[in-house]
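Notes for the one structure printed next.
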Amino acid sequence: MSQSSVCAQLRAQTRIPVIGAPMFLVSGVDLVVAQCTAGIIGTFPTLNARPQEELPVWLKEIRHRLDAYRQAHPGEIVSPFGVNLIIHPSNPRWEGDLEICAEHEVPIYITSLHAPGKVVERVHQYGAAVLHDVTNAKHARKAIDAGVDGLILVSAGAGGHAGPLNPIALVNEIREFYDGPLILSGCITHGKDVLAALALGCEFGYIGTRFIVTEESMASHAYRNMILSSTSDDIVYSPFFTGVPGNYLVPSIVAAGIDPAEVRGAMVGAREVSLNRDSRPKTWKDIWGAGQGVGGIDAVLPVRALVDRMIVEYRAAKERLDAL
Ligand SMILES: Cc1cc2nc3c(=O)[nH]c(=O)nc-3n(C[C@H](O)[C@H](O)[C@H](O)COP(=O)(O)O)c2cc1C
């Protein structure tokens, strides 16, 4: 299938062109099912289903609940779901997870880190789509060479591991040599932000942090409340915790007894410089990831209500632009 038809197919299966981004320790079965039944693409990192034997259980449960919803609500759009595979030697599960997901004919794969050639080869056999995370043009070219169906552009300010580039610069640079589907990631929280992603030339918006603060996410109440009370001043971008630069909530760093100044000053390669291996807090579990868009998040909502609200906001923004 051509890239434009993959994209048209995915667009036709959503109520608003949004992909719920996969988030480590946050996205589970409930969040994915709520996203797909609300009419956006729902995804989760396979590593959230642990141990590995849980992965087929999750996949069956998601399918079962989506099928039941479809039967109970004929005529409603129910979006497809996807999984995220971290392709890296430090993740010994990824090839096994790929095989389990392929056996269950998962329709969408989101790949991060290494070039996804093996995933493309395996899942194109049954018509699934592969979307690859990139933060710069060099990695975009490698992913295109590997045959992906679309690129997720992770721009500055995105939650979790994020790139350093402004979204306008990143989209424009990659559009110079790629006319396939582009999905913009970073600080999208409102319906008008989705429209902005389309105005820049992307086909979808990719939303992580906003979905942490929903009733269906696996995040703790303390984590959700910290996002509700935070602004972009409370986000620090640093490679301190994992060696790869990412955005984290400063209050969670303070609560873990670490000096944020040390985190701010960390250089790439200076991973966990001052932390004792036994006593250090766990990244993602104790040190919480979030993007710079936290200031625009005002309430814990059920996913359905949030998506309905985004659609209203999107339409209002479009009308406003049309009237200008
Ligand atoms: C807590 C958290 C965990 C994340 N975990 C993953 C992950 O496991 N795999 C991945 O590809 N991206 C991960 N991301 C990145 C998101 O998929 C997405 O790129 C990002 O959240 C989008 O930016 P936003 O949070 O500003 O909306 C994570 C993001 C957050 C906030």
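Every chain in the structure tokens has a letter given in the order shown (A, B, ...), and although residue numbers restart at 1 in each chain, ligands are simply numbered from 1 in the order shown.
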
Could you please extract the residues within 9 Å of ligand 1, counting only C-alpha atoms and all ligand atoms, and hand them back as an MDAnalysis selection string? chainID A and resid 20:27 43:48 84:86 110:113 132:133 152:162 184:189 205:212 219 246:248 284 288:294

Backbone DSSP call of alpha helix (DSSP H) for range 6-166 of chain A, listed as a ChimeraX atom specification: /A:6-12,29-38,54-72,94-103,117-123,137-145

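Within 10 Å of Gly96 in chain A, once only C-alpha atoms are used and residues closer than 5 positions along the same chain are dropped, the contacting residues are A:Gln52, A:Cys101, A:Ala102.
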
Could those selected residues go to a file with N, CA and C atoms, as a CSV table (one decimal), in the first residue's frame?
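The result, stored in selection_37.csv:
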chain,number,residue,atom,x,y,z
A,52,GLN,N,6.9,-10.5,29.9
A,52,GLN,CA,6.5,-10.6,28.4
A,52,GLN,C,5.3,-11.5,28.2
A,101,CYS,N,3.5,-9.5,18.6
A,101,CYS,CA,2.6,-8.5,18.1
A,101,CYS,C,2.2,-8.9,16.6
A,102,ALA,N,3.2,-9.4,15.9
A,102,ALA,CA,3.0,-9.8,14.5
A,102,ALA,C,2.0,-11.0,14.4

Counting only C-alpha atoms, which of A:Gly28, A:Gly117, A:Gly39, A:Gly265 gets nearest to Leu306 in chain A? A:Gly39

Non-local contacts of Glu103 in chain A (10 Å; only C-alpha atoms; under 4 positions in same chain excluded) as an MDAnalysis selection string: chainID A and resid 56 97:99 123 126

Could you list, with a cut-off of 12 Å and counting only C-alpha atoms, the residues of range 8-105 of chain A near range 310-320 of chain A, each shown with its nearest atom pair and the distance in Å rounded to one decimal, rows sorted by chain and ascending number, as a Markdown table?
| residue | atom | partner | partner_atom | distance |
| --- | --- | --- | --- | --- |
| A:Thr14 | CA | A:Ile311 | CA | 11.1 |
| A:Arg15 | CA | A:Ile311 | CA | 7.8 |
| A:Ile16 | CA | A:Ile311 | CA | 6.4 |
| A:Pro17 | CA | A:Ile311 | CA | 9.7 |
| A:Val18 | CA | A:Met310 | CA | 9.9 |
| A:Ala38 | CA | A:Ile311 | CA | 10.8 |
| A:Gly39 | CA | A:Ile311 | CA | 10.3 |
| A:Ile40 | CA | A:Ile311 | CA | 10.8 |

Take the residues that were just selected and, keeping N, CA and C atoms, output them as a PDB file, in the first residue's frame.
ATOM      1  N   THR A  14     -10.246   7.968  12.235  1.00  0.00           N
ATOM      2  CA  THR A  14     -10.167   8.804  13.441  1.00  0.00           C
ATOM      3  C   THR A  14     -11.190   9.931  13.338  1.00  0.00           C
ATOM      4  N   ARG A  15     -11.635  10.425  14.502  1.00  0.00           N
ATOM      5  CA  ARG A  15     -12.570  11.574  14.517  1.00  0.00           C
ATOM      6  C   ARG A  15     -11.806  12.879  14.461  1.00  0.00           C
ATOM      7  N   ILE A  16     -10.571  12.862  14.896  1.00  0.00           N
ATOM      8  CA  ILE A  16      -9.679  14.024  14.827  1.00  0.00           C
ATOM      9  C   ILE A  16      -8.292  13.413  14.600  1.00  0.00           C
ATOM     10  N   PRO A  17      -7.462  14.023  13.739  1.00  0.00           N
ATOM     11  CA  PRO A  17      -6.196  13.348  13.412  1.00  0.00           C
ATOM     12  C   PRO A  17      -5.179  13.395  14.558  1.00  0.00           C
ATOM     13  N   VAL A  18      -5.391  12.497  15.501  1.00  0.00           N
ATOM     14  CA  VAL A  18      -4.541  12.451  16.701  1.00  0.00           C
ATOM     15  C   VAL A  18      -4.135  11.011  16.981  1.00  0.00           C
ATOM     16  N   ALA A  38     -12.792   6.522  21.659  1.00  0.00           N
ATOM     17  CA  ALA A  38     -13.092   7.961  21.544  1.00  0.00           C
ATOM     18  C   ALA A  38     -12.779   8.467  20.135  1.00  0.00           C
ATOM     19  N   GLY A  39     -12.142   7.627  19.303  1.00  0.00           N
ATOM     20  CA  GLY A  39     -11.914   8.011  17.911  1.00  0.00           C
ATOM     21  C   GLY A  39     -10.534   8.575  17.622  1.00  0.00           C
ATOM     22  N   ILE A  40      -9.551   8.206  18.448  1.00  0.00           N
ATOM     23  CA  ILE A  40      -8.156   8.541  18.097  1.00  0.00           C
ATOM     24  C   ILE A  40      -7.338   7.245  18.202  1.00  0.00           C
TER      25      ILE A  40
END

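Counting from CA of Ala197 in chain A, the distance to CA of Ile183 in chain A is 8.0 Å.
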
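Considering the residues A:Glu53, A:Glu76, A:Asp308, A:Asp149 and counting only C-alpha atoms, Arg93 in chain A has its shortest atom-to-atom contact with A:Glu53.
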
So the first atom is CA of Gln35 in chain A and the second is CA of Glu203 in chain A; what is the distance between them in Å, to one decimal place? 18.1 Å

Could you tell me which of A:Lys142, A:Ala128, A:Ile87, A:Val263 comes closest to Gln3 in chain A if we count only C-alpha atoms? A:Ala128

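Between CA of Gly257 in chain A and CA of Gly295 in chain A the separation is 24.1 Å.
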